[in-house]
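Report on the following structure.
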Amino acid sequence: MTDILAVADHRRGELRDVSYEIITAGRQLADETGGDLHLAVISGTVDDFADKLNRDGVDAIHTVSHGEEFNHDVYTQTITQLYDELAPQYVLTPNSVNGLDYAPAVANQLDLPVVTDTIDLDNDGETLVATREMYGGKVETTNELTGGAVVTIRGAEWPAAEGTGDAAIEAFEADIDEDAVGSTVNGFEEVGGGDVDISEADLLVSIGRGIEEEENLDLIRDLADALGATLSSSRPIVDNGWLPKNRQVGQSGKVVTPDVYIAIGISGAVQHVAGMKGSDTIVAINTDPNAPIMDIADYAIVDDLFDVVPELIDEFQ
Amino acid sequence: MKILVTVKEVATVEDEFEIEGTEIAEQYLGADLNEWDDYAIEEAVQLQEDGIADEVVTVTIGPEECEQTIRQALAKGADRAVRVWDDSLEGVDLLDVNAKTEILSAVIEEEDPDLVLSGVQAGDDSFAATGVSVAENLGYQWGAVVNHLEHEFDDDDVASVRRELEGGVEELTEIDLPAVLTIQTGINEPRYASLRGIRQAQRKELDVKALADIGVDESTVESELDLTAMYEPESESDATFWEGSPEETASELGELLRDKGVAQ
Ligand SMILES: Cc1cc2nc3c(=O)[nH]c(=O)nc-3n(C[C@H](O)[C@H](O)[C@H](O)COP(=O)(O)OP(=O)(O)OC[C@H]3O[C@@H](n4cnc5c(N)ncnc54)[C@H](O)[C@@H]3O)c2cc1C
C-alpha cells in the first residue's frame, strides 16, 4: 500500500492549474513511499484531459467518462471504487471549492482521516508529516499520521509538472449508482461584472476589514481620487455590502496585476493573496508587522491607516 | 421544516503572541462566534421568518465557557441549543474531522432535521471539511461553499443553491433534502442580537450532553492526526519597512508612486 492516487480538477472544459501541481506533489510522495503515481480524471473530455496530464512522473491515468461537469456524487463513487481497486496509501485532491465538496466524503466513506489545505508533505516511508496553517495563516502546524489518508493540497504551493510523460492511459468503468446521485448542476454564472474592471487598473488602492465602519470608506475613496487610483477590496468589505462584488480581489473575486497594489488594513489571507500576488509592486499599510501580507509586500508601513492615509491624501492634493 | 445549525466558538489570536508547545499561550487568545457560522445562523433564522422553518436548533461541541457564544446564536433567533462536552474532550489538542463528524452526526440523527447549515470553515483550525463529512456519514446530501439558498423549496424536498467557485463563477445546483449546506460569508447580512433577543436567549433551552448520552464512544475523540508542532511561519518578507511618523512614511509612499509613474 504505497501508491498515490491524485485527482485532477477541471471546469467548463479546462483543466485547472492545480491539476499539474498535484502531479508534482503526488510524484514527490510516491518517490518517498516507493510507489506509483496514479492520476484520475473524471467527467468532461477525459481523453483530451489525459493527453494534457500525461507529464513527467505520472505512472497511470484513469479516465472516467461520465457527464460533462463536476458532480460530487460521481466523484465520490468513482474515487472510492478506484481506491478499492488500486489500494493506494494516499488520495490527493486539490483544496479547491470542488475538492472540498468531495474529499471529506471520500475520506468518510473509506474511513480514512482527512487533512485539508496542506502546504507541505513529507513521508519517511511510514509517517506522513503534513504542514498546514491555522488561525488565518498566523501559525503553521505539522500534523503526523500513519496509515492511509485523504489529503487536499493548496493551489500554487507546488510547481506545475512539466515535460511529456509515458503514463498508461486507461478508461476506468465506474459503476455509478444514479439513485445515489442527489444533486444536479444546472449551470454556471459569472458574477461581478459592472462599471469598473479592477483587473485593468495600473494603481489599486485596496481596503480590508481594518477600515472598521462603512462611513470610514469615504477616507479611502478620497485617497483613490487624490491618487487617480481604482478602489478595490478584500472580501469582508463586499460581504458587508459596502462595495459591489466587482471590486473584490481574490480567489473568489478578481485576479489583478496592477503596477502598484496598496493593501490597506488587509491581513493577506491566502484567498486574498491568490488574487493579487502577481502585482508588480505591493505596498502594505497595516498595524500588525507580522500580518501574512508582509510576506509578499515589497514596501510596508506598520502604522494605523487612519493616521497614514490622511497624510498621503495631503501629499497629492 | 426543521433546521439544525452547527455553531462553533473559535479561538482568536492577538497580533503579538507566544506559542507554548503545540498551542498558543492562553493569554493571547480570545473567543468568538465562528464568522462563517454567523452567516449560517442568519440564514436559518431568515428561513424561519419566511415561514419555511418551524424550528431552528443549534449544536456545539465545546466546554461550558462557550455558552456565551451559544447564547449569541439564541439571541439572534435560534429556538434552542445542544452543547456536547465531555472530560475526554478536555485535553484534546486538535479535534479532527472524524471525531467532529461522529459527535455531530449522533446529535443530528437524534434531532432528525431536514436541513443542516454549517459554516464553510472554522476560523481557527480551518479544516473546511466537517459539513461534507457529516453529510456523507449520515447519508444526507450536501453542498459545499453555498452563497445563495433559494427560500422556495420544490415540494419541500429540493434546495436550489449557488455554490461559489473560484474566479467569480457560481454553480447553480439543486440538492435533495435532507442535506447539509456549508454556508459562505456574504450569503446574507448577519444581524446583531437585539437587547430583547439577548434577554429572551437567557430563557431558551440549552441542553448539555456527554458523549455517553448521545451514544458516542470516548475512543472517537482520539485523533488519527497528531498535531506535533506549531510555529510562526518563517517570514519570507524582504519588504522595505518605512519607519517614521505617518507624515514621513506617507511621503516615502508618495515618492514611490511618483517614481513608478502611477500617481502625480
Ligand atoms: C472559500 C473561500 C473563498 C474566499 N475568497 C476570498 C476572496 O476572493 N478575497 C478575499 O479577500 N478573501 C476571501 N476569502 C476570505 C479570506 O479567508 C479572509 O477572511 C479575508 O481575505 C480577510 O479580509 P481582511 O484581510 O480584509 O480582514 P482581516 O483578516 O480581518 O484583516 C484585517 C487587517 O487589518 C489590520 N488592521 C486593523 N485595523 C487597522 C488599522 N487601523 N490600520 C491598519 N491596519 C489595520 C489588521 O492588523 C489585519 O491584518 C475567502 C474565504 C474562503 C473560505
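Residues in the C-alpha cells are numbered from 1 in each chain, the chains being A, B, ... in the order shown, and ligands are numbered from 1 in the order shown.
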Please tabulate, as a tab-separated table, the residues of chain A that come within 6 Å of ligand 1, each with its closest pair of atoms and the distance in Å to one decimal, counting only C-alpha atoms and all ligand atoms and ordering rows by chain, then residue number upward.
```
residue	atom	partner	partner_atom_place_in_ligand_line	distance
A:Gly208	CA	ligand 1	26 (O)	3.2
A:Arg209	CA	ligand 1	26 (O)	3.8
A:Gly210	CA	ligand 1	37 (C)	3.5
A:Ser234	CA	ligand 1	11 (O)	3.4
A:Arg235	CA	ligand 1	11 (O)	3.9
A:Pro236	CA	ligand 1	23 (O)	5.5
A:Val249	CA	ligand 1	9 (N)	5.1
A:Gly250	CA	ligand 1	8 (O)	3.3
A:Gln251	CA	ligand 1	8 (O)	3.9
A:Ser252	CA	ligand 1	8 (O)	3.7
A:Gly253	CA	ligand 1	8 (O)	4.2
A:Gly265	CA	ligand 1	34 (O)	3.4
A:Ile266	CA	ligand 1	25 (O)	3.5
A:Ser267	CA	ligand 1	49 (O)	3.3
A:Gly268	CA	ligand 1	25 (O)	5.3
A:Ala269	CA	ligand 1	21 (O)	4.9
A:Gln271	CA	ligand 1	6 (C)	4.6
A:His272	CA	ligand 1	11 (O)	3.8
A:Ile285	CA	ligand 1	43 (C)	5.8
A:Asn286	CA	ligand 1	44 (N)	3.6
A:Thr287	CA	ligand 1	44 (N)	4.4
A:Asp288	CA	ligand 1	47 (O)	4.4
A:Ala291	CA	ligand 1	49 (O)	5.2
A:Asp303	CA	ligand 1	43 (C)	6.0
A:Asp304	CA	ligand 1	42 (N)	3.7
A:Leu305	CA	ligand 1	42 (N)	3.8
A:Phe306	CA	ligand 1	41 (N)	5.8
```
Write the residues of the preceding selection, restricted to N, CA and C atoms, as a JSON list (two decimals), in the first residue's frame.
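Written file, selection_17.json:
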```
[["chain", "number", "residue", "atom", "x", "y", "z"],
["A", 208, "GLY", "N", -9.32, 46.69, 3.38],
["A", 208, "GLY", "CA", -9.81, 45.50, 4.05],
["A", 208, "GLY", "C", -10.54, 45.82, 5.33],
["A", 209, "ARG", "N", -10.70, 44.81, 6.14],
["A", 209, "ARG", "CA", -11.52, 44.92, 7.35],
["A", 209, "ARG", "C", -10.97, 45.96, 8.33],
["A", 210, "GLY", "N", -9.70, 46.33, 8.17],
["A", 210, "GLY", "CA", -9.12, 47.37, 9.02],
["A", 210, "GLY", "C", -9.88, 48.68, 8.95],
["A", 234, "SER", "N", -10.78, 43.65, -0.06],
["A", 234, "SER", "CA", -10.83, 42.24, 0.32],
["A", 234, "SER", "C", -12.29, 41.85, 0.49],
["A", 235, "ARG", "N", -12.49, 40.59, 0.76],
["A", 235, "ARG", "CA", -13.83, 40.05, 0.78],
["A", 235, "ARG", "C", -14.80, 40.63, 1.82],
["A", 236, "PRO", "N", -14.36, 40.83, 3.07],
["A", 236, "PRO", "CA", -15.34, 41.29, 4.07],
["A", 236, "PRO", "C", -16.04, 42.60, 3.68],
["A", 249, "VAL", "N", -11.02, 41.47, -4.71],
["A", 249, "VAL", "CA", -9.80, 40.82, -5.18],
["A", 249, "VAL", "C", -9.65, 39.48, -4.48],
["A", 250, "GLY", "N", -9.33, 38.44, -5.20],
["A", 250, "GLY", "CA", -9.05, 37.17, -4.52],
["A", 250, "GLY", "C", -9.52, 35.95, -5.26],
["A", 251, "GLN", "N", -9.41, 34.85, -4.56],
["A", 251, "GLN", "CA", -9.75, 33.54, -5.10],
["A", 251, "GLN", "C", -11.15, 33.52, -5.71],
["A", 252, "SER", "N", -12.11, 34.04, -4.97],
["A", 252, "SER", "CA", -13.47, 34.02, -5.49],
["A", 252, "SER", "C", -13.85, 35.36, -6.11],
["A", 253, "GLY", "N", -12.91, 36.29, -6.15],
["A", 253, "GLY", "CA", -13.15, 37.57, -6.80],
["A", 253, "GLY", "C", -12.31, 37.68, -8.06],
["A", 265, "GLY", "N", -5.06, 47.79, 5.57],
["A", 265, "GLY", "CA", -5.89, 47.07, 6.55],
["A", 265, "GLY", "C", -6.36, 45.73, 6.03],
["A", 266, "ILE", "N", -5.47, 45.06, 5.29],
["A", 266, "ILE", "CA", -5.76, 43.73, 4.74],
["A", 266, "ILE", "C", -4.71, 42.76, 5.29],
["A", 267, "SER", "N", -5.15, 41.64, 5.89],
["A", 267, "SER", "CA", -4.20, 40.75, 6.56],
["A", 267, "SER", "C", -3.38, 39.93, 5.57],
["A", 268, "GLY", "N", -3.96, 39.64, 4.41],
["A", 268, "GLY", "CA", -3.24, 38.81, 3.44],
["A", 268, "GLY", "C", -3.56, 37.35, 3.59],
["A", 269, "ALA", "N", -4.83, 37.03, 3.82],
["A", 269, "ALA", "CA", -5.27, 35.63, 3.86],
["A", 269, "ALA", "C", -4.99, 35.00, 2.49],
["A", 271, "GLN", "N", -6.64, 33.32, 0.45],
["A", 271, "GLN", "CA", -7.62, 33.51, -0.63],
["A", 271, "GLN", "C", -7.56, 34.92, -1.20],
["A", 272, "HIS", "N", -7.09, 35.86, -0.42],
["A", 272, "HIS", "CA", -6.93, 37.22, -0.95],
["A", 272, "HIS", "C", -5.66, 37.28, -1.80],
["A", 285, "ILE", "N", -0.14, 48.66, 4.22],
["A", 285, "ILE", "CA", -0.29, 49.55, 5.37],
["A", 285, "ILE", "C", -1.09, 48.77, 6.40],
["A", 286, "ASN", "N", -0.43, 48.43, 7.52],
["A", 286, "ASN", "CA", -1.07, 47.53, 8.48],
["A", 286, "ASN", "C", -0.46, 47.75, 9.86],
["A", 287, "THR", "N", -1.29, 47.71, 10.87],
["A", 287, "THR", "CA", -0.78, 47.87, 12.23],
["A", 287, "THR", "C", -0.01, 46.64, 12.72],
["A", 288, "ASP", "N", -0.23, 45.51, 12.07],
["A", 288, "ASP", "CA", 0.39, 44.26, 12.52],
["A", 288, "ASP", "C", 1.63, 43.94, 11.67],
["A", 291, "ALA", "N", 1.54, 40.44, 10.02],
["A", 291, "ALA", "CA", 0.42, 40.01, 9.17],
["A", 291, "ALA", "C", 0.98, 39.29, 7.94],
["A", 303, "ASP", "N", 1.64, 50.91, 10.67],
["A", 303, "ASP", "CA", 1.04, 52.05, 11.37],
["A", 303, "ASP", "C", -0.47, 52.00, 11.17],
["A", 304, "ASP", "N", -1.13, 52.90, 11.88],
["A", 304, "ASP", "CA", -2.59, 52.98, 11.80],
["A", 304, "ASP", "C", -2.99, 53.65, 10.49],
["A", 305, "LEU", "N", -3.85, 52.99, 9.75],
["A", 305, "LEU", "CA", -4.26, 53.55, 8.46],
["A", 305, "LEU", "C", -4.93, 54.91, 8.63],
["A", 306, "PHE", "N", -5.59, 55.10, 9.77],
["A", 306, "PHE", "CA", -6.30, 56.38, 9.97],
["A", 306, "PHE", "C", -5.32, 57.54, 10.20]]
```
Would you kindly return, as a ChimeraX atom specification, each protein, DNA or RNA residue with an atom no farther than 7 Å from any atom of Leu312 (chain A), considering only C-alpha atoms and excluding same-chain residues fewer than 4 positions away?
-> /A:308,316 /B:250-251,254
For Val106 (chain A), which of B:Ala11, B:Ile24, B:Ile52, B:Ala129 is the closest residue, counting only C-alpha atoms?
->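 Ranking B:Ala11, B:Ile24, B:Ile52, B:Ala129 by distance to Val106 (chain A), first place goes to B:Ala129.
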Using only C-alpha atoms, tabulate the residues of chain A lying at most 6 Å from any atom of chain B, each with its closest atom pair and that distance in Å to one decimal, by chain and increasing residue number, as a tab-separated table.
```
residue	atom	partner	partner_atom	distance
A:Val97	CA	B:Leu165	CA	5.8
A:Asp101	CA	B:Ala144	CA	5.2
A:Pro104	CA	B:Ser133	CA	4.9
A:Ala105	CA	B:Ser133	CA	5.0
A:Asn108	CA	B:Ser133	CA	5.9
A:Thr116	CA	B:Phe127	CA	5.7
A:Met134	CA	B:Asp125	CA	5.0
A:Tyr135	CA	B:Asp124	CA	4.4
A:Val139	CA	B:Glu232	CA	4.7
A:Glu140	CA	B:Tyr231	CA	5.5
A:Thr141	CA	B:Met230	CA	4.4
A:Thr142	CA	B:Ala229	CA	5.1
A:Asn143	CA	B:Leu227	CA	4.4
A:Glu144	CA	B:Asp226	CA	5.0
A:Leu145	CA	B:Leu225	CA	5.2
A:Gly182	CA	B:Asp176	CA	5.4
A:Ser183	CA	B:Ile175	CA	4.3
A:Thr184	CA	B:Glu174	CA	5.2
A:Val185	CA	B:Thr173	CA	4.4
A:Asn186	CA	B:Leu172	CA	5.4
A:Gly187	CA	B:Leu172	CA	5.3
A:Phe188	CA	B:Glu171	CA	4.6
A:Glu189	CA	B:Glu170	CA	5.2
A:Glu190	CA	B:Val169	CA	4.6
A:Val191	CA	B:Gly168	CA	5.4
A:Leu227	CA	B:Ala263	CA	5.3
A:Asp239	CA	B:Gly186	CA	4.1
A:Gln251	CA	B:Glu166	CA	5.4
A:Ser252	CA	B:Glu166	CA	4.4
A:Gly253	CA	B:Gly168	CA	5.0
A:Met294	CA	B:Ser237	CA	5.8
A:Asp295	CA	B:Ser237	CA	4.1
A:Ala297	CA	B:Ala239	CA	5.5
A:Asp298	CA	B:Ala239	CA	4.3
A:Tyr299	CA	B:Thr240	CA	4.7
A:Ala300	CA	B:Phe241	CA	4.8
A:Ile301	CA	B:Trp242	CA	5.5
A:Asp307	CA	B:Pro246	CA	6.0
A:Val308	CA	B:Pro246	CA	4.8
A:Glu311	CA	B:Glu247	CA	5.6
A:Leu312	CA	B:Ala250	CA	5.0
```
Those in region 193-294 of chain A with strand (DSSP E) from DSSP, as number ranges by chain | A: 203-207, 230-233, 260-264, 281-285
Serialized selection, N, CA and C atoms, as a compact mmCIF listing (two decimals), in the first residue's frame:
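This is the output file part.txt:
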```txt
# COMPACT_ATOMS: atom_id res chain seq x y z
N LEU A 203 -3.05 51.26 -10.88
CA LEU A 203 -2.85 51.53 -9.46
C LEU A 203 -4.13 51.18 -8.71
N LEU A 204 -4.00 50.24 -7.78
CA LEU A 204 -5.17 49.86 -6.98
C LEU A 204 -4.96 50.25 -5.53
N VAL A 205 -5.94 50.94 -4.99
CA VAL A 205 -5.98 51.20 -3.56
C VAL A 205 -7.00 50.21 -3.03
N SER A 206 -6.51 49.25 -2.22
CA SER A 206 -7.38 48.15 -1.82
C SER A 206 -7.56 48.19 -0.31
N ILE A 207 -8.80 48.09 0.12
CA ILE A 207 -9.09 48.25 1.54
C ILE A 207 -9.67 46.96 2.13
N THR A 230 -7.78 53.22 -8.70
CA THR A 230 -9.03 52.48 -8.68
C THR A 230 -9.17 51.80 -7.32
N LEU A 231 -10.40 51.79 -6.82
CA LEU A 231 -10.67 51.24 -5.49
C LEU A 231 -11.05 49.76 -5.58
N SER A 232 -10.36 48.94 -4.80
CA SER A 232 -10.74 47.53 -4.71
C SER A 232 -10.73 47.14 -3.24
N SER A 233 -11.02 45.86 -2.95
CA SER A 233 -11.12 45.49 -1.54
C SER A 233 -10.92 44.00 -1.33
N VAL A 260 1.09 48.97 -9.17
CA VAL A 260 1.21 49.08 -7.71
C VAL A 260 -0.13 48.71 -7.06
N TYR A 261 -0.03 47.86 -6.04
CA TYR A 261 -1.20 47.44 -5.26
C TYR A 261 -0.97 47.90 -3.82
N ILE A 262 -1.82 48.81 -3.34
CA ILE A 262 -1.68 49.27 -1.96
C ILE A 262 -2.74 48.56 -1.11
N ALA A 263 -2.28 47.64 -0.25
CA ALA A 263 -3.19 46.86 0.60
C ALA A 263 -3.30 47.55 1.95
N ILE A 264 -4.46 48.10 2.21
CA ILE A 264 -4.65 48.89 3.44
C ILE A 264 -5.58 48.14 4.40
N THR A 281 4.32 45.80 -7.83
CA THR A 281 4.84 46.28 -6.55
C THR A 281 3.69 46.27 -5.54
N ILE A 282 3.96 45.69 -4.37
CA ILE A 282 2.92 45.58 -3.35
C ILE A 282 3.32 46.41 -2.13
N VAL A 283 2.43 47.29 -1.71
CA VAL A 283 2.68 48.11 -0.53
C VAL A 283 1.60 47.75 0.50
N ALA A 284 2.03 47.48 1.74
CA ALA A 284 1.06 47.15 2.79
C ALA A 284 1.05 48.25 3.85
N ILE A 285 -0.14 48.66 4.22
CA ILE A 285 -0.29 49.55 5.37
C ILE A 285 -1.09 48.77 6.40
```
What is the CA of Thr257 (chain A) to CA of Gly193 (chain A) distance in Å?
->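 A separation of 17.5 Å between them.
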